[in-house]
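Note sheet for the following structure.
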Amino acid sequence: MDFGLPTLDPPRLDHRTRNGFLFVAALVAGGHSMRIPLWLVLIVAVLFVWHYLITHHAWKLPGKMTRLGITLVLTLVTLKYYGTLFGRDAGMGFLVLLLGLKFLEFRTTRDGAVIIFLCYFLMLGGFLFDQSLWVSVYMVIVAWLATTVLIQMVAPSGQSNRYRLKLSGQLLISALPLALLLFLFFPRIQGNLWGLPSDAYSGLMGLSDSMSPGSISNLSSSDEVAFRVEFEGQPPPPKQRYWRAIVLSKTDGKTWSQADRGGPVEHRFRPMGTPVFYTITLEPHNKRWLFALDLPASQPEGTQLEPGYVLRAKDNVVQRYRYSLQSYPWYHTGKLSRKQRELNLELPKDFSPRVKNLVAAWRANNLNDQGIIRSALDYYRDKGFTYTLSPPLLRGDPVEQFLFESRRGYCEHYASSFVSLMRAAGIPSRVVTGYQGGEHNDAGNYYIVTQADAHAWAEVWLRQRGWVRVDPTAVVAPERIEYGIDAVRRLLGRGTLLGQLDAPALLRALKLNIPAQVWRNMGLYWDAMNNAWHHWVLDFNQQRQLKLMQWLGFRNPTWADLAVVLIGGFMLFALVVTTIILRRRQGTDPVVKIYNRFCKKLVRTNIRRLPWEGPQDFCNRAIIAQPGLGKDIQSIINQYIDIRYRGENDKTRINRFKKRVYNFRID
Amino acid sequence: MLGRHKLYMLPTRLGMILSVVLFAMLLASVNYNNSLAFLFTFLLSAMAFVSMLYTHRNLAGLELQAGPCEPVFAGELAHFTVVLTNNSALPKVALRLHHRGKEVVRCDVQAGTSQSAMVPVPASQRGRLKIPEMVFSSDFPLGIFFSWSKKLKLDQHCLVYPRPIGELPFSFVLNRQRYQDRGTRTEGDDFLGLRAYRPGDPPRHIHWKAVARGQVLLTKEFGGAGQDTVNLDWDLLGDMDKEARLSQLCRWVVDAHNADLHYSLHLPGINLPVDHGDTHQRRCLNRLALY
């Protein structure tokens, strides 16, 4: 069948359109500029400037061989730098380069469209690195501008920029319902298609699975969020907010590490008192461990309990993960197996005799286990120990060095030396690491635990009570537990000694000035918004999709059910959006209406405007036919031309025109 | 009027490229299991889909009318005027008008206005040249879908006069005529008769006495003083075929008009008496075009 399909001559690209392309490409490349090497940023910038000179200063477009040469050389350089052209990091770097190179052969509208499509892809690439609210808002704005440029390319003249911006905005907004439908019901395949490149989760930070006090002189001061917690009901006081993750039982005297797996799982304990219910939203850290308040009594689906009452995910956590738990702050863990006892008493063979002598002196005072613990804590309190975030490096035996010489350190030093003391005294004990504290966010009513809240403490086993948490850091720096790491940092920054001030003085010292308070609150609000964004948009996954389908009434949703919902929703969307977009809009421009009225009046004098007659031609004809009315006709039509075609369309002019037409009489 | 049933639509090559890009974006989203990437991919796909409606809307409800067309001689370009009328409240953007698959006009029509456009069509044959079937198209707004109307038949044609060529020079008729004239008339100011007044007749030739009697305006006709009168006669060209005769006569009409002569035209069954002026010429040429 002959549909009479016409061929199209592509429209020419003018300078203004090309400027639009450069602008959008610069915004997109700029969004990636922090992640690609500087030389690549500079090269792409040079390519953009080159294109600008070609279009605006009549520089010559480079020849085919030149282009091929440049492309080949730059591709090889990029390949050499990254070692590959695929994967997230290298792929995006390479695409940014291609975006720049495309401008060297930017002649036709097809090249223009390819540039815009490449920009779309690069925007998606940006989300693979950063999904924050801020980045999303930026990308939506850039996508809007990119679409506007595409419209400008298709219709380069005749319409204003405002019209194009409005139209592309309308396009995006009218697409939103369908996008949401697809987002909610498009089958989510868990897992990946071609295997994740190794760089997919690089740069995620978190705890380490071993610790070597004295080997690192600076504790992480990162404000990066580790996880957020929402409590149901009353949150526990700060001194109970110990988030355990890793139990370190093995030591060689310098480094503490986890015991080998396969030991008996001690997961039963006798809970006492009332439990705490809470939900944790964990930022991905690319490790298996999950965080729980001492001690977790439930086990969310897809997790398992491992020795030391620690919770583990089945696989590494590479996405934000949300789980609800129940913990008992008071508990009795009961007996210790022989194997466990041996493990938690182990000391290196060349353990410091000086430390042994110190403990032996306490034992000689006929003290029981609890007395020994008290003596050890007194030792920290009375012998001039100070809490510092930048302790000296320890040489030789770090435990001995710390206990007798340097006496300066942070949680890791205190926890490890304390456990060494206990083990020397024959008390089973171990180091636990995780986070301690958390800042309350009033805006979202949740607690934020940051990387800086990382903490290490000790657990000792007592016959009467089982495993008991002892935090030697609390003796030296009670502010660390009561007010959090941020307060400690501020106090230390001002040179205040920890553990010296009473509560009112502390509160005075910690009071923020007003700008700092405002800044802090703004930060908390922003975090609350980001958190909601994460919860409602980013964390939507297969499980949530399943729950949504169940909520809709599908008991065991299959892909076929998803397809039914998708198709049904799509038809509804198509119906509504078609009705809205294609509804007849006869609301002719009011100025045209007035003009038509004028023409109707003239019909009475037998001058009929022909459909193809422009105002000027009509005016000339009408004046010849009705010379008597010539002055009026001329003036009215001139007003019409000014308003409609010269853009002099302010309210007063239109009103004057209207009045003139209404007062026009044919006698 | 372009109604809904008269529009077709297909994706353009850019649309094909975009679909490949969107598919790649979907694969990347699945592979990295990235929610925002999914949302972005779906947003662009939905936008591509919705843009179909915008493309359709851009053409729907557009009115096409044909305006007058000045007659032309065969071998020239006939310029048809077509008028695009947009009665909707939205501008119609990046419109293209095609005939026989070739783009002839590109324009925007603002809301509530009309836009006229000239469509040049080569006129090869004398007679009535029908306005060609027109097709409208546009790939607005995104260039990924392309909509076009079915072939629109308009009721308008252009009169095409015969090609004004002929080997016989004008003097051929002129001489013969002079020769004949000598036998019938000697004086140039002879009164020939009365005819109805036509605008443009000199006032001194008006038959004022008749006016005074209350009759209609009449003009006295005289044999032109110092003017030549020619008879352009089909029968003079006995040994030529029909089209060649018409072309030759056409040529003579043009020449006679340009020389401001009074001439008559005689075709088998058609006799246009001696006269001059634009109206006379047009009448003669019409007869030749449609003979």
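A note on labels: chains of the structure tokens are A, B, ... as shown, every chain counts residues from 1, and ligands are counted from 1 in their shown order.
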
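Proximity to chain A at a cut-off of 6 Å picks out Asn31, Ser35, Ala37, Leu39, Phe42, Leu43, Ala46, Met47, Arg57, Val83, Ser88, Ala89, Ala94, Gly101, Gly112, Ser116, Pro141, Leu142 and Gly143 of chain B on chain B, counting only C-alpha atoms.
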
What does the file look like for those residues with all heavy atoms, as a compact mmCIF listing (two decimals), in the first residue's frame?
```txt
# COMPACT_ATOMS: atom_id res chain seq x y z
N ASN B 31 21.97 -4.70 35.19
CA ASN B 31 23.26 -5.26 35.60
C ASN B 31 23.73 -4.66 36.92
O ASN B 31 24.23 -5.36 37.78
CB ASN B 31 24.30 -5.02 34.52
CG ASN B 31 25.54 -5.85 34.76
OD1 ASN B 31 25.44 -7.06 34.87
ND2 ASN B 31 26.68 -5.20 34.88
N SER B 35 18.35 1.47 41.15
CA SER B 35 16.97 1.93 41.07
C SER B 35 16.82 3.22 40.28
O SER B 35 15.92 3.39 39.47
CB SER B 35 16.41 2.16 42.46
OG SER B 35 16.02 0.95 43.01
N ALA B 37 18.78 4.39 38.03
CA ALA B 37 19.04 4.14 36.61
C ALA B 37 17.78 3.55 35.96
O ALA B 37 17.41 3.95 34.85
CB ALA B 37 20.22 3.19 36.46
N LEU B 39 14.71 4.11 36.97
CA LEU B 39 13.72 5.18 36.89
C LEU B 39 14.03 6.11 35.72
O LEU B 39 13.14 6.51 34.98
CB LEU B 39 13.71 5.96 38.22
CG LEU B 39 12.58 6.95 38.40
CD1 LEU B 39 11.24 6.27 38.28
CD2 LEU B 39 12.69 7.64 39.75
N PHE B 42 13.22 4.43 32.43
CA PHE B 42 11.78 4.38 32.21
C PHE B 42 11.23 5.77 31.89
O PHE B 42 10.31 5.91 31.08
CB PHE B 42 11.07 3.80 33.44
CG PHE B 42 11.40 2.36 33.69
CD1 PHE B 42 11.48 1.86 34.97
CD2 PHE B 42 11.65 1.50 32.63
CE1 PHE B 42 11.78 0.53 35.20
CE2 PHE B 42 11.94 0.17 32.85
CZ PHE B 42 12.02 -0.31 34.13
N LEU B 43 11.81 6.79 32.52
CA LEU B 43 11.34 8.15 32.26
C LEU B 43 11.57 8.52 30.80
O LEU B 43 10.69 9.05 30.12
CB LEU B 43 12.06 9.14 33.19
CG LEU B 43 11.60 10.58 33.07
CD1 LEU B 43 10.17 10.74 33.52
CD2 LEU B 43 12.49 11.51 33.87
N ALA B 46 9.25 6.48 28.55
CA ALA B 46 7.88 7.00 28.60
C ALA B 46 7.79 8.30 27.83
O ALA B 46 6.81 8.56 27.13
CB ALA B 46 7.46 7.20 30.05
N MET B 47 8.85 9.11 27.92
CA MET B 47 8.84 10.38 27.19
C MET B 47 8.82 10.12 25.69
O MET B 47 8.10 10.79 24.94
CB MET B 47 10.08 11.20 27.56
CG MET B 47 10.06 12.58 26.98
SD MET B 47 11.47 13.55 27.51
CE MET B 47 12.73 12.84 26.50
N ARG B 57 -0.54 15.40 17.63
CA ARG B 57 -1.27 16.63 17.93
C ARG B 57 -0.79 17.79 17.06
O ARG B 57 -1.56 18.67 16.70
CB ARG B 57 -1.05 16.98 19.41
CG ARG B 57 -1.81 18.20 19.85
CD ARG B 57 -1.61 18.49 21.30
NE ARG B 57 -0.32 19.13 21.53
CZ ARG B 57 0.07 19.53 22.73
NH1 ARG B 57 -0.67 19.34 23.77
NH2 ARG B 57 1.24 20.11 22.89
N VAL B 83 -2.95 27.42 1.64
CA VAL B 83 -3.08 28.12 2.90
C VAL B 83 -3.23 27.10 4.02
O VAL B 83 -4.10 26.23 3.96
CB VAL B 83 -4.30 29.05 2.89
CG1 VAL B 83 -4.38 29.82 4.19
CG2 VAL B 83 -4.22 29.98 1.72
N SER B 88 -6.35 25.76 16.18
CA SER B 88 -6.19 25.34 17.57
C SER B 88 -5.47 26.42 18.35
O SER B 88 -5.01 27.41 17.79
CB SER B 88 -5.41 24.04 17.65
OG SER B 88 -4.06 24.29 17.41
N ALA B 89 -5.38 26.23 19.66
CA ALA B 89 -4.74 27.22 20.52
C ALA B 89 -3.25 26.95 20.65
O ALA B 89 -2.58 27.61 21.42
CB ALA B 89 -5.40 27.21 21.89
N ALA B 94 7.26 23.21 12.80
CA ALA B 94 8.13 22.45 11.90
C ALA B 94 7.31 21.60 10.92
O ALA B 94 7.53 20.41 10.75
CB ALA B 94 9.09 21.56 12.69
N GLY B 101 6.58 13.31 -2.90
CA GLY B 101 7.68 12.86 -2.05
C GLY B 101 8.76 13.91 -1.85
O GLY B 101 9.70 13.70 -1.10
N GLY B 112 -4.11 29.88 15.86
CA GLY B 112 -5.20 30.72 15.39
C GLY B 112 -4.90 31.53 14.14
O GLY B 112 -5.63 32.45 13.84
N SER B 116 0.26 31.23 4.32
CA SER B 116 0.16 30.77 2.94
C SER B 116 1.53 30.41 2.43
O SER B 116 2.54 30.93 2.90
CB SER B 116 -0.48 31.83 2.05
OG SER B 116 0.29 33.00 2.13
N PRO B 141 7.89 16.69 18.20
CA PRO B 141 8.90 17.55 18.81
C PRO B 141 10.30 16.94 18.91
O PRO B 141 11.26 17.67 18.96
CB PRO B 141 8.36 17.74 20.24
CG PRO B 141 7.62 16.48 20.53
CD PRO B 141 7.08 16.00 19.22
N LEU B 142 10.42 15.62 18.95
CA LEU B 142 11.74 15.08 19.29
C LEU B 142 12.48 14.52 18.08
O LEU B 142 13.62 14.09 18.20
CB LEU B 142 11.62 13.98 20.36
CG LEU B 142 11.07 14.44 21.71
CD1 LEU B 142 11.12 13.31 22.71
CD2 LEU B 142 11.88 15.62 22.23
N GLY B 143 11.82 14.47 16.94
CA GLY B 143 12.51 13.92 15.77
C GLY B 143 12.60 12.42 15.78
O GLY B 143 13.28 11.83 14.93
```

Go through range 355-584 of chain A and collect every residue that DSSP, computed from the backbone, puts in alpha helix (DSSP H); the answer should be as a count of residues only. 123

Selected residue, from B:Gln125, B:Gln248, B:Asn87, B:Thr229, that lies nearest to Glu167 in chain B when counting only C-alpha atoms: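 Looking at the shortest contact to Glu167 in chain B, the residue is B:Gln248.
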
Which residues come within 12 Å of Arg363 in chain A, counting only C-alpha atoms, excluding same-chain residues fewer than 4 positions away, as a list in words? Lys356, Asn357, Leu358, Val359, Leu367, Asn368, Asp369, Gln370, Gly371, Ile372, Ile373, Arg374, Ser375, Ala376, Leu421, Met422, Ala424, Ala425, Gly426 and Ile427 of chain A

Residues from last step as file, C-alpha atoms, as a PDB file, in the first residue's frame:
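Result went into part.pdb, see below:
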```pdb
ATOM      1  CA  LYS A 356      51.796 -10.499  83.546  1.00  0.00           C
ATOM      2  CA  ASN A 357      53.449  -9.108  86.707  1.00  0.00           C
ATOM      3  CA  LEU A 358      50.948  -6.256  86.908  1.00  0.00           C
ATOM      4  CA  VAL A 359      48.019  -8.674  86.806  1.00  0.00           C
ATOM      5  CA  LEU A 367      40.630 -10.448  94.299  1.00  0.00           C
ATOM      6  CA  ASN A 368      37.920 -12.262  92.394  1.00  0.00           C
ATOM      7  CA  ASP A 369      37.256 -11.699  88.695  1.00  0.00           C
ATOM      8  CA  GLN A 370      35.109  -8.655  89.304  1.00  0.00           C
ATOM      9  CA  GLY A 371      37.764  -7.202  91.561  1.00  0.00           C
ATOM     10  CA  ILE A 372      40.368  -7.701  88.854  1.00  0.00           C
ATOM     11  CA  ILE A 373      38.172  -5.863  86.363  1.00  0.00           C
ATOM     12  CA  ARG A 374      37.744  -3.033  88.794  1.00  0.00           C
ATOM     13  CA  SER A 375      41.479  -2.842  89.388  1.00  0.00           C
ATOM     14  CA  ALA A 376      42.152  -2.700  85.692  1.00  0.00           C
ATOM     15  CA  LEU A 421      45.063  -7.803  80.947  1.00  0.00           C
ATOM     16  CA  MET A 422      41.962  -9.953  81.487  1.00  0.00           C
ATOM     17  CA  ALA A 424      46.605 -12.612  81.598  1.00  0.00           C
ATOM     18  CA  ALA A 425      44.419 -12.809  84.710  1.00  0.00           C
ATOM     19  CA  GLY A 426      42.681 -15.909  83.375  1.00  0.00           C
ATOM     20  CA  ILE A 427      39.369 -14.238  82.610  1.00  0.00           C
TER      21      ILE A 427
END
```

Given the choices B:Ala289, B:Leu44, B:Asn34, B:Thr55, which gets closest to Phe145 in chain B if the distance is worked out from only C-alpha atoms?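 Result for the nearest residue to Phe145 in chain B: B:Thr55.
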